[in-house]
>>> print(open('work-v1.cif').read())   # mmCIF, C-alpha atoms and all ligand atoms
data_final
#
loop_
_atom_site.label_atom_id
_atom_site.label_comp_id
_atom_site.auth_asym_id
_atom_site.auth_seq_id
_atom_site.Cartn_x
_atom_site.Cartn_y
_atom_site.Cartn_z
CA GLU T 765 98.80 79.72 87.37
CA PRO T 766 101.24 78.41 89.97
CA GLU T 767 99.58 77.62 93.27
CA ILE T 768 100.83 76.48 96.63
CA THR T 769 98.94 73.41 97.72
CA GLY T 770 99.04 70.50 100.13
CA ASP T 771 102.15 69.76 102.15
CA LEU T 772 104.12 72.85 101.14
CA ASP T 773 101.31 75.03 102.40
CA THR T 774 101.38 73.21 105.76
CA ILE T 775 105.17 73.56 106.04
CA LEU T 776 104.93 77.26 105.24
CA GLU T 777 102.29 77.70 107.92
CA TRP T 778 104.60 76.02 110.45
CA ALA T 779 107.42 78.28 109.27
CA ASP T 780 105.21 81.33 109.90
CA GLU T 781 104.82 80.32 113.55
CA PHE T 782 108.57 80.59 114.11
CA ARG T 783 109.78 83.43 111.97
CA THR T 784 110.14 86.93 113.39
CA LEU T 785 111.00 88.57 110.07
CA GLY T 786 108.08 89.78 108.02
CA VAL T 787 107.96 88.86 104.34
CA ARG T 788 106.71 91.28 101.70
CA ALA T 789 107.02 91.30 97.93
CA ASN T 790 108.38 93.59 95.23
CA ALA T 791 105.61 94.15 92.68
CA ASP T 792 104.49 96.92 90.39
CA ASN T 793 101.24 95.65 88.89
CA PRO T 794 98.06 94.19 90.41
CA GLU T 795 98.66 90.71 88.90
CA ASP T 796 102.07 90.37 90.57
CA ALA T 797 100.64 91.84 93.76
CA GLU T 798 97.85 89.23 93.81
CA LEU T 799 100.32 86.46 93.01
CA SER T 800 102.58 87.50 95.87
CA ARG T 801 99.60 87.69 98.20
CA SER T 802 98.65 84.13 97.24
CA PHE T 803 102.21 83.10 98.16
CA GLY T 804 101.80 84.68 101.60
CA ALA T 805 103.34 88.15 101.15
CA GLU T 806 102.31 90.43 104.00
CA GLY T 807 102.47 93.57 101.89
CA ILE T 808 104.35 95.19 99.03
CA GLY T 809 107.81 96.27 100.16
CA LEU T 810 108.69 97.91 96.85
CA ASP T 811 106.54 99.15 93.99
CA ARG T 812 109.11 100.42 91.46
CA THR T 813 106.94 103.05 89.77
CA GLU T 814 109.37 103.57 86.88
CA HIS T 815 108.23 100.13 85.69
CA MET T 816 104.82 101.75 85.11
CA PHE T 817 106.38 104.15 82.62
CA LEU T 818 106.78 102.07 79.50
CA GLY T 819 105.73 102.72 75.87
CA GLU T 820 103.84 105.97 75.43
CA ARG T 821 104.43 107.07 79.01
CA LYS T 822 108.17 106.76 78.47
CA GLN T 823 107.82 109.17 75.55
CA ILE T 824 105.92 111.59 77.77
CA ILE T 825 108.76 111.55 80.32
CA GLN T 826 111.31 112.12 77.54
CA SER T 827 109.46 115.15 76.21
CA PHE T 828 108.93 116.37 79.80
CA ILE T 829 112.69 116.29 80.42
CA LEU T 830 113.67 117.79 77.06
CA ASN T 831 110.98 120.44 76.76
CA ASP T 832 111.14 123.14 79.41
CA ASP T 833 107.96 124.99 78.45
CA PRO T 834 105.88 125.02 81.69
CA GLU T 835 102.51 124.62 79.93
CA SER T 836 103.44 121.51 77.97
CA ARG T 837 105.13 120.12 81.08
CA GLN T 838 101.91 120.59 83.05
CA SER T 839 99.78 118.89 80.40
CA ALA T 840 102.22 115.95 80.25
CA VAL T 841 101.99 115.62 84.01
CA ASP T 842 98.17 115.82 83.95
CA ALA T 843 98.07 112.86 81.56
CA LEU T 844 100.47 110.91 83.76
CA TYR T 845 98.40 111.73 86.86
CA GLU T 846 95.29 110.13 85.38
CA ALA T 847 97.24 107.01 84.42
CA GLN T 848 99.00 106.73 87.77
CA THR T 849 95.79 107.14 89.76
CA GLY T 850 94.49 104.05 87.93
CA ASP T 851 97.78 102.19 88.55
CA PHE T 852 97.71 102.81 92.29
CA TYR T 853 93.99 102.11 92.58
CA GLY T 854 94.69 98.64 91.15
CA MET T 855 97.68 98.02 93.41
CA PHE T 856 95.97 99.11 96.65
CA LYS T 857 92.84 97.15 95.79
CA ALA T 858 94.85 93.97 95.16
CA MET T 859 96.59 94.42 98.52
CA ASP T 860 93.54 95.65 100.44
CA GLY T 861 94.29 95.82 104.17
CA LEU T 862 98.05 95.37 103.69
CA PRO T 863 100.85 97.95 103.32
CA VAL T 864 101.98 98.96 99.84
CA ILE T 865 105.23 100.91 99.67
CA VAL T 866 105.18 103.04 96.54
CA ARG T 867 108.60 104.30 95.59
CA LEU T 868 108.68 107.63 93.78
CA LEU T 869 110.21 107.58 90.29
CA ASP T 870 113.79 106.34 90.23
CA PRO T 871 114.74 106.05 86.56
CA PRO T 872 118.35 106.31 85.52
CA LEU T 873 117.89 108.98 82.85
CA HIS T 874 119.33 106.94 79.97
CA GLU T 875 116.48 104.42 80.36
CA PHE T 876 113.97 107.18 79.58
CA LEU T 877 115.74 108.95 76.75
CA GLU T 878 116.11 107.56 73.25
CA SER T 879 119.58 106.20 72.56
CA PRO T 880 121.53 109.06 70.90
CA ARG T 881 123.61 106.54 69.00
CA ALA T 882 120.54 104.83 67.52
CA LEU T 883 119.00 108.19 66.67
CA GLU T 884 122.18 109.32 64.94
CA VAL T 885 122.35 106.12 62.87
CA ASP T 886 118.70 106.59 61.92
CA ILE T 887 119.26 110.21 60.83
CA THR T 888 122.27 109.22 58.70
CA ARG T 889 120.32 106.38 57.10
CA ARG T 890 117.33 108.61 56.30
CA GLU T 891 119.57 111.36 54.99
CA ALA T 892 121.21 108.90 52.57
CA ALA T 893 117.74 107.78 51.48
CA GLY T 894 116.83 111.42 50.66
CA ALA T 895 114.40 112.04 53.55
CA ASP T 896 112.58 115.33 53.98
CA ALA T 897 114.98 118.09 55.17
CA ARG T 898 112.49 119.47 57.74
CA SER T 899 112.04 116.19 59.56
CA LEU T 900 115.81 115.59 59.52
CA ALA T 901 116.38 119.03 61.04
CA ALA T 902 113.80 118.32 63.76
CA ASP T 903 115.51 115.04 64.60
CA ARG T 904 118.91 116.72 64.70
CA GLU T 905 117.49 119.21 67.18
CA LEU T 906 116.12 116.33 69.27
CA LEU T 907 119.50 114.60 69.13
CA ALA T 908 121.29 117.75 70.33
CA LYS T 909 118.85 118.03 73.27
CA ILE T 910 119.28 114.37 74.23
CA ASP T 911 123.06 114.75 73.94
CA SER T 912 122.98 117.58 76.46
CA PHE T 913 121.49 115.15 79.03
CA VAL T 914 123.90 112.28 78.40
CA GLU T 915 125.76 111.37 81.58
CA ALA T 916 129.00 109.38 81.87
CA ASN T 917 127.51 107.37 84.77
CA PRO T 918 123.69 107.57 84.64
CA MET T 919 123.41 105.33 87.72
CA LEU T 920 125.30 108.03 89.61
CA GLY T 921 123.52 110.96 88.02
CA LEU T 922 120.09 112.59 87.74
CA ARG T 923 118.26 109.70 89.37
CA GLY T 924 116.11 108.89 92.39
CA CYS T 925 115.20 111.76 94.70
CA ARG T 926 117.44 114.05 92.63
CA LEU T 927 114.91 113.91 89.80
CA GLY T 928 112.06 114.91 92.15
CA ILE T 929 114.10 117.74 93.65
CA VAL T 930 114.97 119.14 90.21
CA TYR T 931 111.37 118.64 88.91
CA PRO T 932 109.03 118.78 91.96
CA ILE T 933 106.03 118.64 89.62
CA LEU T 934 106.79 114.90 89.20
CA PRO T 935 106.58 113.87 92.89
CA VAL T 936 103.53 116.10 93.31
CA MET T 937 101.85 114.20 90.44
CA GLN T 938 102.71 110.80 91.93
CA VAL T 939 101.74 111.66 95.51
CA ARG T 940 98.44 113.17 94.31
CA ALA T 941 97.75 109.97 92.41
CA ILE T 942 98.62 107.79 95.44
CA ALA T 943 96.44 109.80 97.83
CA THR T 944 93.55 110.10 95.36
CA ALA T 945 93.53 106.36 94.66
CA ALA T 946 93.54 105.67 98.42
CA ALA T 947 90.73 108.19 99.01
CA ARG T 948 88.58 106.60 96.30
CA LEU T 949 89.04 103.11 97.72
CA ARG T 950 88.27 104.35 101.21
CA LYS T 951 84.99 105.81 99.93
CA GLU T 952 84.22 102.40 98.43
CA GLY T 953 84.60 100.84 101.89
CA LEU T 954 88.05 99.32 101.32
CA ASN T 955 91.10 99.64 103.53
CA PRO T 956 94.12 100.84 101.52
CA HIS T 957 97.51 101.27 103.25
CA PRO T 958 99.82 103.22 100.96
CA GLU T 959 103.27 104.28 102.10
CA ILE T 960 105.57 106.62 100.17
CA MET T 961 109.26 105.90 99.71
CA ILE T 962 111.91 108.36 98.54
CA PRO T 963 114.78 106.74 96.57
CA LEU T 964 118.53 107.34 96.50
CA VAL T 965 118.70 109.74 99.40
CA SER T 966 122.22 110.70 100.49
CA THR T 967 121.46 113.56 102.88
CA VAL T 968 118.62 114.28 105.28
CA ALA T 969 118.02 117.56 103.43
CA GLU T 970 116.90 115.65 100.33
CA LEU T 971 114.42 113.62 102.36
CA GLU T 972 113.13 116.70 104.19
CA LYS T 973 112.55 118.52 100.94
CA LEU T 974 110.54 115.73 99.32
CA ARG T 975 108.79 114.87 102.56
CA GLY T 976 107.55 118.45 102.67
CA VAL T 977 106.29 118.21 99.08
CA ALA T 978 104.55 114.90 99.83
CA GLU T 979 102.90 116.07 103.06
CA ALA T 980 101.56 119.24 101.47
CA THR T 981 100.17 117.25 98.54
CA ILE T 982 98.53 114.63 100.78
CA ALA T 983 96.92 117.42 102.83
CA GLU T 984 95.49 118.99 99.64
CA VAL T 985 94.00 115.69 98.48
CA CYS T 986 92.49 115.01 101.92
CA GLU T 987 90.86 118.43 101.88
CA ALA T 988 89.54 118.04 98.32
CA GLU T 989 88.28 114.47 98.84
CA GLY T 990 86.98 115.03 102.39
CA VAL T 991 88.89 112.06 103.84
CA GLU T 992 91.64 111.62 106.41
CA LEU T 993 94.65 109.67 105.24
CA SER T 994 97.67 108.76 107.30
CA ILE T 995 100.42 107.84 104.83
CA PRO T 996 103.84 106.95 106.27
CA ILE T 997 106.79 108.50 104.42
CA GLY T 998 110.16 106.79 104.43
CA THR T 999 113.32 106.38 102.46
CA MET T 1000 115.56 103.90 100.73
CA ILE T 1001 118.98 103.49 102.33
CA GLU T 1002 121.12 102.54 99.36
CA LEU T 1003 124.11 104.84 99.47
CA PRO T 1004 126.94 104.56 102.00
CA ARG T 1005 126.47 108.19 103.04
CA ALA T 1006 122.86 107.49 103.95
CA ALA T 1007 123.85 104.45 106.04
CA VAL T 1008 126.46 106.34 108.03
CA THR T 1009 124.19 109.34 108.66
CA ALA T 1010 121.12 107.19 109.30
CA ASP T 1011 120.45 108.80 112.70
CA GLN T 1012 119.87 112.19 111.04
CA ILE T 1013 117.86 110.68 108.20
CA ALA T 1014 115.69 108.58 110.54
CA ALA T 1015 114.60 111.69 112.41
CA LYS T 1016 112.65 112.59 109.24
CA ALA T 1017 111.60 109.06 108.19
CA ASP T 1018 108.82 106.73 109.27
CA PHE T 1019 110.62 103.76 107.74
CA PHE T 1020 113.83 102.66 106.04
CA SER T 1021 114.18 100.12 103.28
CA PHE T 1022 117.69 99.03 102.41
CA GLY T 1023 118.34 98.98 98.68
CA THR T 1024 121.14 96.47 98.79
CA ASN T 1025 121.52 96.38 94.99
CA ASP T 1026 122.66 99.99 94.88
CA LEU T 1027 124.36 99.72 98.27
CA THR T 1028 126.48 96.84 96.95
CA GLN T 1029 127.24 98.76 93.75
CA THR T 1030 128.26 101.92 95.55
CA THR T 1031 130.17 100.20 98.36
CA PHE T 1032 132.30 98.07 96.04
CA GLY T 1033 132.32 100.59 93.20
CA PHE T 1034 131.23 97.83 90.79
CA SER T 1035 128.60 98.81 88.23
CA ARG T 1036 125.52 96.61 88.76
CA ASP T 1037 124.69 97.12 85.07
CA ASP T 1038 127.85 95.24 84.17
CA VAL T 1039 127.46 92.20 86.42
CA GLU T 1040 126.40 90.19 83.37
CA GLY T 1041 129.34 91.54 81.34
CA GLU T 1042 132.88 90.29 80.74
CA PHE T 1043 135.01 91.82 83.45
CA ILE T 1044 133.05 91.92 86.72
CA PRO T 1045 131.79 88.30 86.95
CA GLN T 1046 135.18 86.92 86.03
CA TYR T 1047 137.00 89.23 88.39
CA LEU T 1048 134.59 88.44 91.23
CA ALA T 1049 134.74 84.69 90.72
CA GLU T 1050 138.43 84.32 89.96
CA LYS T 1051 140.13 87.10 91.83
CA LEU T 1052 137.95 88.45 94.60
CA LEU T 1053 135.24 86.50 96.41
CA PRO T 1054 133.86 82.96 96.64
CA TYR T 1055 130.31 84.36 96.22
CA ASN T 1056 128.54 86.97 94.13
CA PRO T 1057 127.91 90.00 96.38
CA PHE T 1058 124.99 91.05 94.17
CA ALA T 1059 123.21 87.77 95.04
CA THR T 1060 124.33 87.11 98.62
CA ILE T 1061 124.90 90.00 100.97
CA ASP T 1062 128.58 90.74 101.48
CA PRO T 1063 129.77 91.14 105.10
CA GLY T 1064 131.10 94.64 104.39
CA VAL T 1065 127.79 95.76 102.91
CA ALA T 1066 125.95 94.00 105.77
CA LYS T 1067 128.02 96.05 108.19
CA LEU T 1068 126.67 99.21 106.58
CA VAL T 1069 123.13 97.80 106.89
CA ARG T 1070 123.72 97.05 110.58
CA MET T 1071 125.11 100.53 111.12
CA GLY T 1072 122.13 102.02 109.29
CA VAL T 1073 119.68 100.05 111.44
CA GLU T 1074 121.37 100.90 114.74
CA LEU T 1075 121.81 104.58 113.95
CA GLY T 1076 118.33 104.72 112.42
CA ARG T 1077 116.71 103.36 115.57
CA GLU T 1078 118.69 105.89 117.64
CA GLY T 1079 117.30 108.68 115.45
CA ASN T 1080 113.76 107.30 115.54
CA PRO T 1081 112.84 104.53 118.01
CA ASP T 1082 109.64 103.76 116.05
CA LEU T 1083 111.44 103.33 112.73
CA VAL T 1084 110.29 100.30 110.69
CA VAL T 1085 113.22 98.72 108.83
CA GLY T 1086 113.24 96.36 105.88
CA VAL T 1087 115.25 95.40 102.85
CA CYS T 1088 114.03 95.37 99.26
CA GLY T 1089 117.17 94.66 97.21
CA GLU T 1090 117.54 91.27 95.48
CA HIS T 1091 119.17 89.96 98.67
CA GLY T 1092 115.74 90.06 100.36
CA GLY T 1093 114.90 86.73 98.66
CA ASP T 1094 118.25 84.99 99.21
CA PRO T 1095 118.26 82.50 102.14
CA ASP T 1096 121.86 83.19 103.27
CA SER T 1097 121.24 86.93 103.18
CA ILE T 1098 117.92 86.47 105.03
CA ARG T 1099 119.86 84.81 107.84
CA THR T 1100 122.14 87.87 108.01
CA PHE T 1101 119.14 90.25 108.00
CA HIS T 1102 117.51 88.27 110.80
CA GLY T 1103 120.73 88.61 112.80
CA ILE T 1104 120.82 92.35 112.19
CA GLY T 1105 117.25 92.61 113.45
CA LEU T 1106 115.37 93.92 110.43
CA ASP T 1107 111.57 93.95 110.65
CA TYR T 1108 110.97 92.42 107.21
CA VAL T 1109 112.46 91.37 103.90
CA SER T 1110 110.86 92.10 100.53
CA CYS T 1111 111.54 89.97 97.47
CA SER T 1112 110.14 89.02 94.08
CA PRO T 1113 106.76 87.20 94.28
CA TYR T 1114 108.13 83.76 93.42
CA ARG T 1115 110.71 83.95 96.19
CA VAL T 1116 108.14 84.68 98.93
CA PRO T 1117 107.69 81.00 99.97
CA VAL T 1118 111.47 80.45 100.17
CA ALA T 1119 111.84 83.67 102.14
CA ARG T 1120 109.18 82.48 104.64
CA LEU T 1121 111.10 79.23 105.12
CA ALA T 1122 114.50 80.91 105.32
CA ALA T 1123 113.19 83.42 107.87
CA ALA T 1124 111.91 80.54 110.05
CA GLN T 1125 115.21 78.65 109.74
CA ALA T 1126 117.11 81.79 110.76
CA ALA T 1127 114.84 82.25 113.79
CA LEU T 1128 115.24 78.61 114.86
CA ARG T 1129 119.04 78.84 114.59
CA GLU T 1130 119.31 82.15 116.34
CA PRO T 1131 116.24 83.12 118.38
CA ARG T 1132 115.83 86.81 119.01
CA ALA T 1133 116.03 88.13 122.56
C1 LIG T 1201 118.15 98.53 95.34
O1 LIG T 1201 118.93 99.38 94.91
O2 LIG T 1201 118.50 97.56 96.03
C2 LIG T 1201 116.70 98.63 95.04
C3 LIG T 1201 115.82 97.83 95.60
O3 LIG T 1201 116.32 99.55 94.11
P1 LIG T 1201 116.52 99.30 92.53
O4 LIG T 1201 116.99 97.88 92.36
O5 LIG T 1201 115.24 99.58 91.89
O6 LIG T 1201 117.59 100.32 92.23
MG MG T 1202 118.14 101.24 94.09
#
>>> encode(input="work-v1.cif", output="structure tokens", more="lines below")
Ligand code: PEP
Ligand code: MG
Amino acid sequence: EPEITGDLDTILEWADEFRTLGVRANADNPEDAELSRSFGAEGIGLDRTEHMFLGERKQIIQSFILNDDPESRQSAVDALYEAQTGDFYGMFKAMDGLPVIVRLLDPPLHEFLESPRALEVDITRREAAGADARSLAADRELLAKIDSFVEANPMLGLRGCRLGIVYPILPVMQVRAIATAAARLRKEGLNPHPEIMIPLVSTVAELEKLRGVAEATIAEVCEAEGVELSIPIGTMIELPRAAVTADQIAAKADFFSFGTNDLTQTTFGFSRDDVEGEFIPQYLAEKLLPYNPFATIDPGVAKLVRMGVELGREGNPDLVVGVCGEHGGDPDSIRTFHGIGLDYVSCSPYRVPVARLAAAQAALREPRA
């Protein structure tokens, strides 16, 4: 287990005296949460709940999407609710006393559906091997259903808040699990601080809709459990439209967290899924910029962040603002975020110590008024 000891610990403590930016971590399991806490994270800035949907749970989501029978949908969701309550219980316990921002499901659909190409190859192979006609027919039916959900650009499709608006039963399940886990811990004498974050919002109407769903669900859990829970509800700002209408969105948000991965993708129009591919890295390095905008915040994208912060604070003077894209752990970007006046950055657990140092360096270079 890596541990911070000796001199580094002392230097980080000095850094903490100077920095004005908070430092949180991105984590989606109790082990990573504990690790980030041991590195000095002051909360979880992003719990990507889709990372909790692997293996069997991924299958459940696939059959949920493909099968529109309400009864089987409800039983799928009941199973997920039990599992998620345990997930959040573990996360809030690991971060007892500190904020944990849970982001509602944000899976690009293709990551949850079987690959139609692989399924087709499998059917052809089994057919040639003389497989049972019934099972082949069932798989062909499955393939046709999956095909009907295939999107040309899944990152720009049925994703983020759009999923919750189309299938409200999913956010209800997650919010119930969040509130129930918090209620249980409270009864055990602990001090959980969950916050709920809505992803990929482009209009205030989307946030309002899901905020309404979340508030009603929290109220039901409070009534059933006999506890009072105050759970802030906020949104990711990761689309240019959200940044430029941030005043309207902030009127319905308790906090913003800038998703600079998607904001970079949608501002440049470069697919973030292809940054490891052939064209984009070469084009960026040889033709466009002396830095990688997916690693270090680009001035144009930073301008949208600044606009989002300024408009957001006009719309809601109490708005808490952070960043949880990869840039939250990059020292040069941290300097930019300090200049913009964010409240905190959130980064992967191992980058927390560097972020603490970078935040202090930024504050020493450019003290805030
Ligand atoms: C982002 O887009 O910057 C973000 C933090 O969300 P994700 O990377 O999960 O899309
Ligand atoms: Mg995102």
>>> closest_atom_pairs(input="work-v1.cif", of="chain T", to="ligand MG 1202 (chain T)", cutoff="10 Å", atoms="all atoms listed in the file", output="Markdown table")
| residue | atom | partner | partner_atom | distance |
| --- | --- | --- | --- | --- |
| T:Arg812 | CA | T:MG1202 | MG | 9.4 |
| T:Asp870 | CA | T:MG1202 | MG | 7.7 |
| T:Pro871 | CA | T:MG1202 | MG | 9.6 |
| T:Pro872 | CA | T:MG1202 | MG | 10.0 |
| T:Met919 | CA | T:MG1202 | MG | 9.2 |
| T:Arg923 | CA | T:MG1202 | MG | 9.7 |
| T:Gly924 | CA | T:MG1202 | MG | 8.1 |
| T:Pro963 | CA | T:MG1202 | MG | 6.9 |
| T:Leu964 | CA | T:MG1202 | MG | 6.6 |
| T:Met1000 | CA | T:MG1202 | MG | 7.6 |
| T:Ile1001 | CA | T:MG1202 | MG | 8.6 |
| T:Glu1002 | CA | T:MG1202 | MG | 6.2 |
| T:Leu1003 | CA | T:MG1202 | MG | 8.8 |
| T:Phe1022 | CA | T:MG1202 | MG | 8.6 |
| T:Gly1023 | CA | T:MG1202 | MG | 5.1 |
| T:Thr1024 | CA | T:MG1202 | MG | 7.3 |
| T:Asn1025 | CA | T:MG1202 | MG | 6.0 |
| T:Asp1026 | CA | T:MG1202 | MG | 4.8 |
| T:Leu1027 | CA | T:MG1202 | MG | 7.6 |
| T:Thr1028 | CA | T:MG1202 | MG | 9.9 |
| T:Gln1029 | CA | T:MG1202 | MG | 9.4 |
| T:Cys1088 | CA | T:MG1202 | MG | 8.8 |
| T:Gly1089 | CA | T:MG1202 | MG | 7.3 |
>>> closest_residue(input="work-v1.cif", among="T:Leu772, T:Ile995, T:Gln838, T:Glu875", to="Leu818 in chain T", atoms="only C-alpha atoms")
T:Glu875
>>> closest_residue(input="work-v1.cif", among="T:Glu795, T:Glu1074, T:Glu989, T:Asp811", to="Met961 in chain T", atoms="all atoms listed in the file")
T:Asp811
>>> residues_around(input="work-v1.cif", residues="Val1085 in chain T", least_positions_apart="3", cutoff="8 Å", atoms="only C-alpha atoms", output="compact mmCIF listing (two decimals) with C-alpha atoms, in the frame of the given file")
# COMPACT_ATOMS: atom_id res chain seq x y z
CA PHE T 1019 110.62 103.76 107.74
CA PHE T 1020 113.83 102.66 106.04
CA SER T 1021 114.18 100.12 103.28
CA PHE T 1022 117.69 99.03 102.41
CA VAL T 1073 119.68 100.05 111.44
CA LEU T 1106 115.37 93.92 110.43
CA ASP T 1107 111.57 93.95 110.65
CA TYR T 1108 110.97 92.42 107.21
>>> residues_around(input="work-v1.cif", residues="Gly1072 in chain T", least_positions_apart="5", cutoff="8 Å", atoms="only C-alpha atoms", output="list of chain:residue names")
T:Ile1001, T:Ala1006, T:Ala1007, T:Val1008, T:Thr1009, T:Ala1010, T:Asp1011
>>> closest_residue(input="work-v1.cif", among="T:Gln1125, T:Ser1110, T:Glu972, T:Ala1017", to="Gly1079 in chain T", atoms="only C-alpha atoms")
T:Ala1017
>>> atom_distance(input="work-v1.cif", atom1="CA of Ala843 in chain T", atom2="CA of Leu830 in chain T")
17.0 Å
>>> closest_residue(input="work-v1.cif", among="T:Ile1098, T:Leu974, T:Ile960, T:Ala1049", to="Asp1018 in chain T", atoms="only C-alpha atoms")
T:Ile960
>>> axis_aligned_box(input="work-v1.cif", around="ligand LIG 1201 (chain T)", padding_each_side="3 Å", output="AutoDock Vina command-line options")
--center_x 117.1 --center_y 98.9 --center_z 94.0 --size_x 9.7 --size_y 8.8 --size_z 10.1
>>> closest_residue(input="work-v1.cif", among="T:Val1069, T:Ile1013, T:Met937, T:Ala969", to="ligand LIG 1201 (chain T)", atoms="only C-alpha atoms and all ligand atoms")
T:Val1069
>>> closest_residue(input="work-v1.cif", among="T:Asp796, T:Asp903, T:Glu814, T:Asp842", to="Ala858 in chain T", atoms="all atoms listed in the file")
T:Asp796
>>> closest_atom_pairs(input="work-v1.cif", of="range 830-854 of chain T", to="range 943-954 of chain T", cutoff="12 Å", atoms="all atoms listed in the file", output="CSV")
residue,atom,partner,partner_atom,distance
T:Tyr845,CA,T:Thr944,CA,9.9
T:Glu846,CA,T:Thr944,CA,10.1
T:Ala847,CA,T:Ala945,CA,10.9
T:Gln848,CA,T:Ala945,CA,8.8
T:Thr849,CA,T:Ala945,CA,5.5
T:Gly850,CA,T:Ala945,CA,7.2
T:Asp851,CA,T:Ala945,CA,8.5
T:Phe852,CA,T:Ala945,CA,6.0
T:Tyr853,CA,T:Ala945,CA,4.8
T:Gly854,CA,T:Ala945,CA,8.6
>>> build_atoms(input="work-v1.cif", residues="range 1107-1122 of chain T", atoms="N, CA and C atoms", output="CSV table (one decimal), in the frame of the given file")
chain,number,residue,atom,x,y,z
T,1107,ASP,N,113.0,94.3,110.4
T,1107,ASP,CA,111.6,94.0,110.6
T,1107,ASP,C,111.0,93.0,109.5
T,1108,TYR,N,111.5,93.3,108.3
T,1108,TYR,CA,111.0,92.4,107.2
T,1108,TYR,C,111.9,92.4,106.1
T,1109,VAL,N,111.8,91.4,105.2
T,1109,VAL,CA,112.5,91.4,103.9
T,1109,VAL,C,111.4,91.5,102.8
T,1110,SER,N,111.8,92.0,101.7
T,1110,SER,CA,110.9,92.1,100.5
T,1110,SER,C,111.6,91.5,99.3
T,1111,CYS,N,110.9,90.7,98.6
T,1111,CYS,CA,111.5,90.0,97.5
T,1111,CYS,C,110.6,89.8,96.3
T,1112,SER,N,111.0,89.2,95.2
T,1112,SER,CA,110.1,89.0,94.1
T,1112,SER,C,109.1,88.0,94.5
T,1113,PRO,N,107.9,88.1,93.8
T,1113,PRO,CA,106.8,87.2,94.3
T,1113,PRO,C,107.1,85.7,94.4
T,1114,TYR,N,107.8,85.2,93.4
T,1114,TYR,CA,108.1,83.8,93.4
T,1114,TYR,C,109.1,83.3,94.5
T,1115,ARG,N,109.8,84.3,95.1
T,1115,ARG,CA,110.7,84.0,96.2
T,1115,ARG,C,110.1,84.1,97.6
T,1116,VAL,N,108.8,84.5,97.6
T,1116,VAL,CA,108.1,84.7,98.9
T,1116,VAL,C,108.1,83.4,99.7
T,1117,PRO,N,107.7,82.2,99.2
T,1117,PRO,CA,107.7,81.0,100.0
T,1117,PRO,C,109.1,80.6,100.5
T,1118,VAL,N,110.1,80.8,99.7
T,1118,VAL,CA,111.5,80.4,100.2
T,1118,VAL,C,111.9,81.4,101.3
T,1119,ALA,N,111.5,82.7,101.1
T,1119,ALA,CA,111.8,83.7,102.1
T,1119,ALA,C,111.1,83.3,103.5
T,1120,ARG,N,109.9,82.9,103.4
T,1120,ARG,CA,109.2,82.5,104.6
T,1120,ARG,C,109.9,81.3,105.3
T,1121,LEU,N,110.4,80.4,104.5
T,1121,LEU,CA,111.1,79.2,105.1
T,1121,LEU,C,112.4,79.7,105.7
T,1122,ALA,N,113.2,80.5,104.9
T,1122,ALA,CA,114.5,80.9,105.3
T,1122,ALA,C,114.4,81.8,106.6
